[in-house]
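Have a look at data.csv; it's CSV, C-alpha atoms and all ligand atoms:
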chain,number,residue,atom,x,y,z
Z,1,MET,CA,0.3,33.6,46.2
Z,2,ASN,CA,3.9,32.3,46.7
Z,3,THR,CA,5.0,32.7,50.2
Z,4,THR,CA,8.1,30.5,49.8
Z,5,ASP,CA,9.6,33.2,47.6
Z,6,PRO,CA,8.4,36.5,49.2
Z,7,LEU,CA,8.4,39.8,47.4
Z,8,VAL,CA,9.4,41.7,50.5
Z,9,THR,CA,11.2,40.5,53.6
Z,10,VAL,CA,11.5,42.9,56.5
Z,11,THR,CA,13.8,41.8,59.4
Z,12,GLY,CA,14.3,43.5,62.7
Z,13,LEU,CA,13.2,46.9,61.4
Z,14,ARG,CA,13.7,49.9,63.8
Z,15,THR,CA,12.9,53.5,63.0
Z,16,THR,CA,13.9,56.0,65.6
Z,17,PHE,CA,13.3,59.8,65.5
Z,18,ASP,CA,15.7,62.1,67.4
Z,19,THR,CA,13.4,64.8,68.7
Z,20,PRO,CA,13.7,67.5,71.4
Z,21,LYS,CA,11.6,65.3,73.7
Z,22,GLY,CA,14.0,62.3,73.3
Z,23,LEU,CA,14.3,59.3,71.0
Z,24,VAL,CA,10.9,58.3,69.6
Z,25,ARG,CA,10.9,54.6,68.9
Z,26,ALA,CA,8.2,54.6,66.3
Z,27,VAL,CA,9.0,51.2,64.8
Z,28,ASP,CA,10.8,48.9,67.2
Z,29,GLY,CA,11.8,45.5,65.8
Z,30,VAL,CA,9.3,44.5,63.2
Z,31,ASP,CA,9.6,41.4,61.1
Z,32,LEU,CA,7.2,41.1,58.1
Z,33,THR,CA,7.0,39.3,54.8
Z,34,VAL,CA,4.8,40.1,51.8
Z,35,GLY,CA,4.4,37.3,49.3
Z,36,ARG,CA,4.0,37.7,45.6
Z,37,GLY,CA,0.3,38.6,45.0
Z,38,GLU,CA,-0.3,38.5,48.7
Z,39,ARG,CA,-2.5,41.2,50.4
Z,40,VAL,CA,-1.3,42.1,53.9
Z,41,GLY,CA,-3.2,44.3,56.3
Z,42,ILE,CA,-1.6,46.4,59.0
Z,43,VAL,CA,-4.0,47.4,61.8
Z,44,GLY,CA,-3.5,49.5,65.0
Z,45,GLU,CA,-4.4,52.6,66.8
Z,46,SER,CA,-3.2,56.0,65.8
Z,47,GLY,CA,0.5,56.4,66.6
Z,48,SER,CA,1.2,52.6,66.6
Z,49,GLY,CA,3.8,53.0,63.8
Z,50,LYS,CA,1.9,51.9,60.7
Z,51,SER,CA,2.8,54.8,58.4
Z,52,VAL,CA,6.4,55.0,59.7
Z,53,LEU,CA,6.7,51.2,58.9
Z,54,VAL,CA,5.7,51.5,55.3
Z,55,ARG,CA,7.6,54.7,54.8
Z,56,THR,CA,10.7,53.0,56.1
Z,57,LEU,CA,10.0,50.1,53.8
Z,58,MET,CA,10.1,52.5,50.9
Z,59,ASN,CA,13.3,54.0,52.3
Z,60,LEU,CA,11.8,57.4,52.5
Z,61,PHE,CA,13.8,58.4,55.6
Z,62,ARG,CA,17.2,57.7,53.9
Z,63,ASP,CA,18.3,61.3,53.8
Z,64,ASP,CA,16.7,62.5,57.0
Z,65,PRO,CA,19.5,63.3,59.6
Z,66,TYR,CA,17.1,63.0,62.5
Z,67,THR,CA,15.9,59.5,61.7
Z,68,THR,CA,17.9,56.3,62.4
Z,69,VAL,CA,16.9,53.1,60.6
Z,70,ASP,CA,18.2,49.6,61.6
Z,71,GLY,CA,17.3,46.2,60.2
Z,72,GLN,CA,16.9,45.0,56.7
Z,73,VAL,CA,14.3,45.4,53.9
Z,74,VAL,CA,14.8,43.0,51.0
Z,75,PHE,CA,12.6,43.7,48.0
Z,76,ASP,CA,12.6,41.2,45.2
Z,77,GLY,CA,16.1,40.0,46.2
Z,78,GLU,CA,17.5,43.6,46.5
Z,79,ASN,CA,18.5,45.3,49.7
Z,80,VAL,CA,16.4,48.5,49.7
Z,81,ARG,CA,18.5,50.4,52.1
Z,82,GLU,CA,21.6,50.0,50.0
Z,83,MET,CA,20.0,51.2,46.7
Z,84,SER,CA,21.7,54.0,44.9
Z,85,ARG,CA,20.0,57.3,44.3
Z,86,GLU,CA,19.6,56.5,40.6
Z,87,ARG,CA,18.1,53.0,41.4
Z,88,ARG,CA,15.7,54.6,43.9
Z,89,ARG,CA,14.2,56.8,41.2
Z,90,HIS,CA,13.0,53.7,39.4
Z,91,PHE,CA,12.2,51.8,42.5
Z,92,TRP,CA,9.6,54.4,43.5
Z,93,GLY,CA,6.7,54.3,41.1
Z,94,ARG,CA,7.9,51.4,39.0
Z,95,ASP,CA,8.4,48.7,41.7
Z,96,ILE,CA,6.6,50.1,44.7
Z,97,ALA,CA,3.9,52.8,44.9
Z,98,MET,CA,1.9,54.4,47.7
Z,99,VAL,CA,-1.6,55.7,48.0
Z,100,PHE,CA,-1.9,58.2,50.9
Z,101,GLN,CA,-4.8,58.9,53.2
Z,102,ASN,CA,-5.2,62.4,51.8
Z,103,PRO,CA,-5.0,62.5,48.0
Z,104,MET,CA,-3.8,66.0,48.2
Z,105,THR,CA,-0.6,64.6,49.7
Z,106,SER,CA,0.0,62.4,46.6
Z,107,LEU,CA,-1.3,64.7,44.0
Z,108,ASN,CA,0.5,67.9,42.9
Z,109,PRO,CA,-2.1,70.7,43.1
Z,110,VAL,CA,-0.5,72.8,40.3
Z,111,LYS,CA,-0.3,70.0,37.7
Z,112,ARG,CA,-3.0,68.5,35.5
Z,113,VAL,CA,-4.0,65.1,36.8
Z,114,GLY,CA,-3.4,63.6,33.4
Z,115,ASP,CA,0.3,64.6,33.4
Z,116,GLN,CA,0.6,63.2,36.9
Z,117,ILE,CA,-0.5,59.8,35.5
Z,118,THR,CA,1.4,60.0,32.2
Z,119,ASP,CA,4.7,61.4,33.5
Z,120,PRO,CA,5.7,58.2,35.4
Z,121,MET,CA,4.5,56.1,32.4
Z,122,ARG,CA,6.9,58.0,30.2
Z,123,PHE,CA,9.7,58.0,32.7
Z,124,HIS,CA,9.5,54.4,33.9
Z,125,LEU,CA,8.0,52.6,30.9
Z,126,GLY,CA,9.4,54.8,28.1
Z,127,LEU,CA,6.0,55.4,26.6
Z,128,GLY,CA,5.5,58.3,24.1
Z,129,ARG,CA,3.2,61.2,24.8
Z,130,LYS,CA,0.3,59.8,22.8
Z,131,ALA,CA,0.6,56.2,24.0
Z,132,ALA,CA,0.8,57.4,27.6
Z,133,ARG,CA,-2.3,59.5,27.3
Z,134,ALA,CA,-4.2,56.6,25.8
Z,135,ALA,CA,-3.0,54.3,28.6
Z,136,ALA,CA,-4.0,56.9,31.2
Z,137,ILE,CA,-7.5,57.2,29.7
Z,138,GLU,CA,-7.9,53.4,29.7
Z,139,LEU,CA,-6.8,53.4,33.4
Z,140,LEU,CA,-9.4,56.1,34.2
Z,141,VAL,CA,-12.1,54.0,32.5
Z,142,GLN,CA,-11.1,51.0,34.6
Z,143,LEU,CA,-11.4,53.3,37.7
Z,144,GLY,CA,-14.9,54.1,36.8
Z,145,ILE,CA,-14.2,57.8,36.1
Z,146,PRO,CA,-16.8,59.3,33.8
Z,147,ALA,CA,-15.7,61.5,30.8
Z,148,PRO,CA,-12.0,60.6,31.3
Z,149,GLN,CA,-10.9,62.6,28.2
Z,150,ARG,CA,-12.1,65.7,29.9
Z,151,ARG,CA,-11.1,64.8,33.5
Z,152,ILE,CA,-7.6,64.1,32.5
Z,153,ASP,CA,-7.0,67.7,31.7
Z,154,GLN,CA,-8.3,69.0,35.0
Z,155,TYR,CA,-6.5,70.1,38.1
Z,156,PRO,CA,-7.0,68.3,41.5
Z,157,HIS,CA,-9.0,71.2,43.0
Z,158,GLU,CA,-11.6,70.8,40.2
Z,159,LEU,CA,-12.4,67.3,41.4
Z,160,SER,CA,-14.4,65.9,44.3
Z,161,GLY,CA,-12.7,64.1,47.1
Z,162,GLY,CA,-13.7,60.6,45.8
Z,163,MET,CA,-12.6,61.5,42.3
Z,164,ARG,CA,-9.3,62.8,43.6
Z,165,GLN,CA,-8.6,59.6,45.5
Z,166,ARG,CA,-9.4,57.7,42.3
Z,167,MET,CA,-6.8,59.8,40.5
Z,168,ALA,CA,-4.3,59.2,43.2
Z,169,ILE,CA,-4.9,55.5,42.8
Z,170,ALA,CA,-4.4,55.9,39.0
Z,171,VAL,CA,-1.1,57.6,39.6
Z,172,ALA,CA,0.0,54.7,41.9
Z,173,LEU,CA,-1.1,52.1,39.4
Z,174,SER,CA,0.2,53.8,36.3
Z,175,CYS,CA,3.3,51.7,36.0
Z,176,ALA,CA,1.7,48.5,37.5
Z,177,PRO,CA,4.1,48.3,40.5
Z,178,LYS,CA,4.8,45.0,42.1
Z,179,LEU,CA,3.8,46.3,45.5
Z,180,LEU,CA,1.1,48.8,46.3
Z,181,LEU,CA,1.1,50.4,49.8
Z,182,ALA,CA,-2.3,51.9,50.6
Z,183,ASP,CA,-2.0,53.9,53.8
Z,184,GLU,CA,-5.6,54.5,55.0
Z,185,PRO,CA,-6.6,55.2,51.4
Z,186,THR,CA,-10.2,56.0,52.1
Z,187,THR,CA,-10.6,57.4,55.6
Z,188,ALA,CA,-11.0,60.9,54.3
Z,189,LEU,CA,-14.1,59.9,52.3
Z,190,ASP,CA,-17.7,59.2,53.1
Z,191,VAL,CA,-18.7,55.6,53.8
Z,192,THR,CA,-20.3,54.8,50.4
Z,193,VAL,CA,-17.4,56.2,48.4
Z,194,GLN,CA,-15.0,54.4,50.8
Z,195,LYS,CA,-16.5,51.1,50.0
Z,196,GLN,CA,-16.6,51.7,46.2
Z,197,ILE,CA,-12.9,52.7,46.2
Z,198,LEU,CA,-11.8,49.8,48.3
Z,199,ASN,CA,-13.7,47.4,46.1
Z,200,LEU,CA,-12.2,49.0,43.0
Z,201,LEU,CA,-8.7,48.7,44.5
Z,202,ASP,CA,-9.3,45.0,45.3
Z,203,ARG,CA,-10.4,44.3,41.7
Z,204,LEU,CA,-7.5,46.2,40.0
Z,205,VAL,CA,-4.9,44.7,42.3
Z,206,ALA,CA,-6.3,41.1,41.7
Z,207,GLU,CA,-6.3,41.6,37.9
Z,208,ARG,CA,-2.7,42.7,38.0
Z,209,GLY,CA,-1.5,40.1,40.5
Z,210,MET,CA,0.0,42.8,42.6
Z,211,SER,CA,1.0,42.5,46.2
Z,212,VAL,CA,-0.7,45.0,48.6
Z,213,VAL,CA,-0.1,46.3,52.1
Z,214,LEU,CA,-3.4,47.9,53.3
Z,215,ILE,CA,-3.2,50.0,56.4
Z,216,SER,CA,-6.2,50.8,58.6
Z,217,HIS,CA,-7.1,51.5,62.2
Z,218,ASP,CA,-10.2,49.4,61.5
Z,219,LEU,CA,-9.9,45.6,61.5
Z,220,GLY,CA,-13.2,45.4,59.7
Z,221,VAL,CA,-11.9,47.3,56.7
Z,222,VAL,CA,-8.9,45.0,56.2
Z,223,ALA,CA,-10.6,41.7,57.2
Z,224,GLY,CA,-12.3,40.8,53.9
Z,225,ARG,CA,-9.6,42.4,51.7
Z,226,THR,CA,-6.4,40.8,52.9
Z,227,ASP,CA,-4.8,37.3,53.2
Z,228,ARG,CA,-2.9,38.1,56.4
Z,229,ILE,CA,-3.1,40.8,59.0
Z,230,ALA,CA,-0.4,42.2,61.4
Z,231,VAL,CA,-1.7,44.0,64.5
Z,232,MET,CA,0.7,46.8,65.6
Z,233,TYR,CA,0.9,48.3,69.1
Z,234,ALA,CA,3.5,50.9,70.1
Z,235,GLY,CA,5.9,50.1,67.3
Z,236,GLU,CA,5.7,46.4,67.5
Z,237,VAL,CA,3.7,43.6,65.8
Z,238,VAL,CA,1.8,42.0,68.7
Z,239,GLU,CA,-0.3,39.5,66.7
Z,240,THR,CA,-0.3,38.2,63.1
Z,241,GLY,CA,-2.2,35.6,61.2
Z,242,ARG,CA,-4.9,35.1,58.7
Z,243,PRO,CA,-8.1,37.1,59.2
Z,244,HIS,CA,-9.9,33.9,60.1
Z,245,GLU,CA,-7.6,33.2,63.1
Z,246,LEU,CA,-7.5,36.8,64.1
Z,247,PHE,CA,-11.2,37.1,64.3
Z,248,ARG,CA,-12.1,33.7,65.8
Z,249,GLN,CA,-9.0,32.7,67.8
Z,250,TYR,CA,-7.3,36.0,68.6
Z,251,ARG,CA,-4.7,35.5,71.4
Z,252,HIS,CA,-3.7,39.0,72.2
Z,253,PRO,CA,-5.8,41.1,74.6
Z,254,TYR,CA,-5.1,44.1,72.4
Z,255,THR,CA,-6.6,42.4,69.3
Z,256,ARG,CA,-9.6,41.5,71.4
Z,257,GLY,CA,-9.9,45.2,72.4
Z,258,LEU,CA,-9.7,46.3,68.8
Z,259,LEU,CA,-12.3,43.8,67.7
Z,260,ASN,CA,-14.6,44.9,70.5
Z,261,SER,CA,-14.2,48.5,69.8
Z,262,ALA,CA,-15.0,48.2,66.1
Z,263,PRO,CA,-18.5,49.5,65.3
Z,264,ARG,CA,-20.7,46.5,64.4
Z,265,LEU,CA,-22.4,46.6,61.0
Z,266,HIS,CA,-25.5,44.8,62.2
Z,267,GLY,CA,-25.6,46.1,65.8
Z,268,ALA,CA,-27.1,49.2,67.1
Z,269,LYS,CA,-26.1,52.2,65.0
Z,270,HIS,CA,-23.2,54.3,66.1
Z,271,ALA,CA,-22.6,52.0,69.1
Z,272,ARG,CA,-19.0,51.7,70.0
Z,273,LEU,CA,-19.2,48.7,72.1
Z,274,ASP,CA,-16.1,48.6,74.3
Z,275,VAL,CA,-13.4,51.2,73.6
Z,276,ILE,CA,-10.0,50.2,75.0
Z,277,GLY,CA,-9.4,52.6,77.8
Z,278,GLY,CA,-6.2,54.6,78.3
Z,279,LEU,CA,-3.4,55.6,75.9
Z,280,PRO,CA,-0.5,53.8,74.3
Z,281,PRO,CA,2.8,54.3,76.1
Z,282,ASP,CA,5.1,57.3,75.5
Z,283,LEU,CA,7.4,56.1,72.7
Z,284,THR,CA,10.4,58.0,74.2
Z,285,ALA,CA,10.1,56.1,77.5
Z,286,LEU,CA,8.9,52.6,76.8
Z,287,PRO,CA,8.3,50.2,79.7
Z,288,PRO,CA,10.6,47.2,80.0
Z,289,GLY,CA,7.8,44.6,79.9
Z,290,CYS,CA,4.8,44.3,77.7
Z,291,ARG,CA,3.8,47.7,76.2
Z,292,PHE,CA,0.1,46.9,76.5
Z,293,ALA,CA,0.4,46.0,80.3
Z,294,ALA,CA,-1.0,49.3,81.6
Z,295,ARG,CA,-4.2,48.8,79.7
Z,296,CYS,CA,-4.5,45.0,79.8
Z,297,PRO,CA,-7.4,43.5,81.8
Z,298,GLN,CA,-5.4,40.3,82.4
Z,299,VAL,CA,-2.0,41.8,83.3
Z,300,GLN,CA,0.2,39.8,85.7
Z,301,PRO,CA,3.5,40.8,87.5
Z,302,ARG,CA,5.6,39.0,84.8
Z,303,CYS,CA,4.1,41.3,82.1
Z,304,LEU,CA,5.7,44.3,83.8
Z,305,ASP,CA,9.2,42.9,83.8
Z,306,GLU,CA,9.5,40.6,80.8
Z,307,ARG,CA,8.9,41.8,77.2
Z,308,PRO,CA,6.8,39.1,75.4
Z,309,VAL,CA,8.0,38.1,71.9
Z,310,LEU,CA,6.0,36.8,69.0
Z,311,ARG,CA,5.4,33.1,69.4
Z,312,GLU,CA,3.4,30.5,67.5
Z,313,ALA,CA,-0.2,30.8,68.6
Z,314,GLY,CA,-2.1,28.6,66.1
Z,315,PRO,CA,-2.3,27.3,62.5
Z,316,ASN,CA,-1.3,29.1,59.3
Z,317,GLY,CA,1.4,31.3,60.8
Z,318,HIS,CA,-0.7,32.6,63.6
Z,319,ARG,CA,1.7,34.3,66.1
Z,320,SER,CA,1.1,36.4,69.1
Z,321,ALA,CA,3.2,38.2,71.7
Z,322,CYS,CA,1.6,37.7,75.1
Z,323,HIS,CA,2.6,35.8,78.2
Z,324,PHE,CA,-1.0,35.0,79.1
Z,325,PRO,CA,-2.8,34.6,75.7
Z,326,VAL,CA,-6.5,35.0,75.5
Z,327,GLY,CA,-8.4,31.7,75.2
Z,328,THR,CA,-5.6,29.6,76.8
Z,329,PRO,CA,-5.8,28.2,80.4
Z,330,SER,CA,-3.1,30.7,81.6
Z,331,GLY,CA,-4.9,33.6,80.0
Z,332,GLU,CA,-8.3,32.7,81.3
Z,333,GLN,CA,-6.8,32.2,84.8
Z,334,ALA,CA,-5.2,35.6,84.7
Z,335,LEU,CA,-8.4,37.3,83.6
Z,336,ALA,CA,-10.5,35.5,86.2
Z,337,HIS,CA,-7.9,36.3,88.9
Z,338,ASN,CA,-7.9,40.0,88.0
Z,339,ARG,CA,-11.7,40.1,88.0
Z,340,ASP,CA,-12.1,38.3,91.3
Z,341,SER,CA,-9.5,40.3,93.1
Z,342,GLY,CA,-10.7,43.6,91.6
Z,343,ILE,CA,-7.4,44.3,89.8
Z,344,ALA,CA,-9.3,44.3,86.4
Z,345,ALA,CA,-11.4,47.2,87.7
Z,346,VAL,CA,-8.3,49.1,88.9
Z,347,VAL,CA,-6.7,48.7,85.5
Z,348,GLU,CA,-9.8,50.0,83.8
Z,349,GLU,CA,-10.0,52.9,86.2
Z,350,VAL,CA,-6.4,53.8,85.7
Z,351,ALA,CA,-6.7,53.4,81.9
Z,352,SER,CA,-9.8,55.5,81.6
Z,401,LIG,N1,9.1,62.6,61.6
Z,401,LIG,C1,8.8,62.3,62.8
Z,401,LIG,N2,9.4,62.8,63.9
Z,401,LIG,C2,9.1,62.4,65.1
Z,401,LIG,N3,8.1,61.6,65.5
Z,401,LIG,C3,7.4,61.0,64.4
Z,401,LIG,C4,7.7,61.3,63.1
Z,401,LIG,N4,6.8,60.7,62.3
Z,401,LIG,C5,6.1,59.9,63.1
Z,401,LIG,N5,6.4,60.2,64.4
Z,401,LIG,C6,5.8,59.5,65.6
Z,401,LIG,O1,5.9,58.1,65.4
Z,401,LIG,C7,4.8,57.4,65.9
Z,401,LIG,C8,4.2,56.5,64.9
Z,401,LIG,O2,3.6,57.4,63.9
Z,401,LIG,P1,2.8,56.8,62.6
Z,401,LIG,O3,2.5,58.0,61.8
Z,401,LIG,O4,3.5,55.7,62.0
Z,401,LIG,O5,1.5,56.3,63.3
Z,401,LIG,P2,0.2,55.5,62.6
Z,401,LIG,O6,0.1,54.2,63.2
Z,401,LIG,O7,0.4,55.7,61.1
Z,401,LIG,O8,-1.0,56.4,63.1
Z,401,LIG,P3,-2.3,57.0,62.3
Z,401,LIG,O9,-3.3,55.9,62.4
Z,401,LIG,O10,-2.7,58.2,63.2
Z,401,LIG,O11,-1.9,57.3,61.0
Z,401,LIG,C9,3.9,58.5,66.4
Z,401,LIG,O12,4.1,58.7,67.8
Z,401,LIG,C10,4.3,59.8,65.7
Z,401,LIG,O13,4.1,60.9,66.5
Z,402,MG,MG,-0.6,56.7,59.7
Just dump the structure as structure tokens.
Amino acid sequence: MNTTDPLVTVTGLRTTFDTPKGLVRAVDGVDLTVGRGERVGIVGESGSGKSVLVRTLMNLFRDDPYTTVDGQVVFDGENVREMSRERRRHFWGRDIAMVFQNPMTSLNPVKRVGDQITDPMRFHLGLGRKAARAAAIELLVQLGIPAPQRRIDQYPHELSGGMRQRMAIAVALSCAPKLLLADEPTTALDVTVQKQILNLLDRLVAERGMSVVLISHDLGVVAGRTDRIAVMYAGEVVETGRPHELFRQYRHPYTRGLLNSAPRLHGAKHARLDVIGGLPPDLTALPPGCRFAARCPQVQPRCLDERPVLREAGPNGHRSACHFPVGTPSGEQALAHNRDSGIAAVVEEVAS
């Protein structure tokens, strides 16, 4: 991992959708770097802006008249938002590739899966038909797909969900991109297959020395598979750091909430311990202060007026955006005060 020379640098990224209901601030001032060979996790509730962030990173909104993007994305020294149409055709697939939550989104239903893997190899890498087919079969073997010679000529609907997702991964890996974006790549699958596929992805990515951005609403899924995690809330990164710091010394009350609401592997089955009450704010009418304030058990008057920014919160790049961080004297005081005065109960009631 070489973080002094990052592969991707995102600075002040903002993505706004012009909708009949108003301007939706889906991504609102995100800074993020991905080092070469680094695996970065992005975690947050539904609607926090994870997918919009990686789609903006790929420059997918470029021709959308209802979407405004501000800020900068530099990929391997190149300004992504200024790429020509011609350059983008090689950027997508060759430099950067995406695995979507639902493989039917990435796979073309009316095209044999083999062609979907070999077409980019021929287009980007200039391989001949035979060489591409051989490389595709080799890739399917690495992905643990039985009878690849037969599978390669099938259509997506002839495959099981797990097999389809393996094929979608094969398409994404076909040209060994420098960066793989995996947007909830396994949530549509059952738990055993999920684990197999995530482990497979880990191995293939490590063998190729690729960088990865792995998105999930579940901190547990990304914890053991990433070098760094960014927690998103209402379009912002509210805490970032290595998995170790995020699990042991989290500073943001939202991160604590996410951790507490994750189902425990060794606890009582199906027990969701402590779901964060309430809903994220309306992205068309964001509050001036902290966006988590309405749901935060240690909220203080300052939180309603002043928007907290990411500040150093610990070693190894641990940063958090909270005026009264968890585990610090001011955070503990705020929590105790709200508990004693009954404010915490009111917040919980309003949030639920
Ligand atoms: N094209 C669009 N036009 C208008 N609003 C959009 C558009 N795409 C996304 N949004 C809104 O932007 C916000 C962020 O969406 P996004 O898909 O990034 O969330 P997410 O974190 O990926 O959630 P999930 O975990 O459900 O996938 C949501 O409120 C969503 O409704
Ligand atoms: Mg999403």
Which residues form the shell of 6 Å around ligand LIG 401 (chain Z) when you count only C-alpha atoms and all ligand atoms, given as a list of chain:residue names? Z:Phe17, Z:Val24, Z:Ala26, Z:Glu45, Z:Ser46, Z:Gly47, Z:Ser48, Z:Gly49, Z:Lys50, Z:Ser51, Z:Val52, Z:His217
Considering all atoms listed in the file, state which residue in the set Z:Gln194, Z:Thr187, Z:Ser160, Z:Thr240 is at the smallest distance from ligand MG 402 (chain Z). Z:Thr187
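The closest residue to Met210 (chain Z), picked from Z:Glu306, Z:Arg89, Z:Glu38, Z:Gln149 and counting only C-alpha atoms, is Z:Glu38.
Selection around (3.1, 36.3, 69.4) with radius 10 Å, counting all atoms listed in the file, yields the residues Z:Val237, Z:Val238, Z:Glu239, Z:Thr240, Z:Gly241, Z:Arg251, Z:His252, Z:Pro308, Z:Val309, Z:Leu310, Z:Arg311, Z:Glu312, Z:Ala313, Z:Gly314, Z:His318, Z:Arg319, Z:Ser320, Z:Ala321, Z:Cys322, Z:His323, Z:Pro325.
Taking CA of Ala135 (chain Z) and CA of Arg88 (chain Z) as endpoints, the distance between them is 24.2 Å.
Among Z:Val222, Z:Met83, Z:Val99, Z:Ile276, the residue with the shortest atom-to-atom distance to Phe292 (chain Z), counting all atoms listed in the file, is Z:Ile276.
Taking CA of His124 (chain Z) and CA of Arg94 (chain Z) as the two end points, the separation is 6.1 Å.
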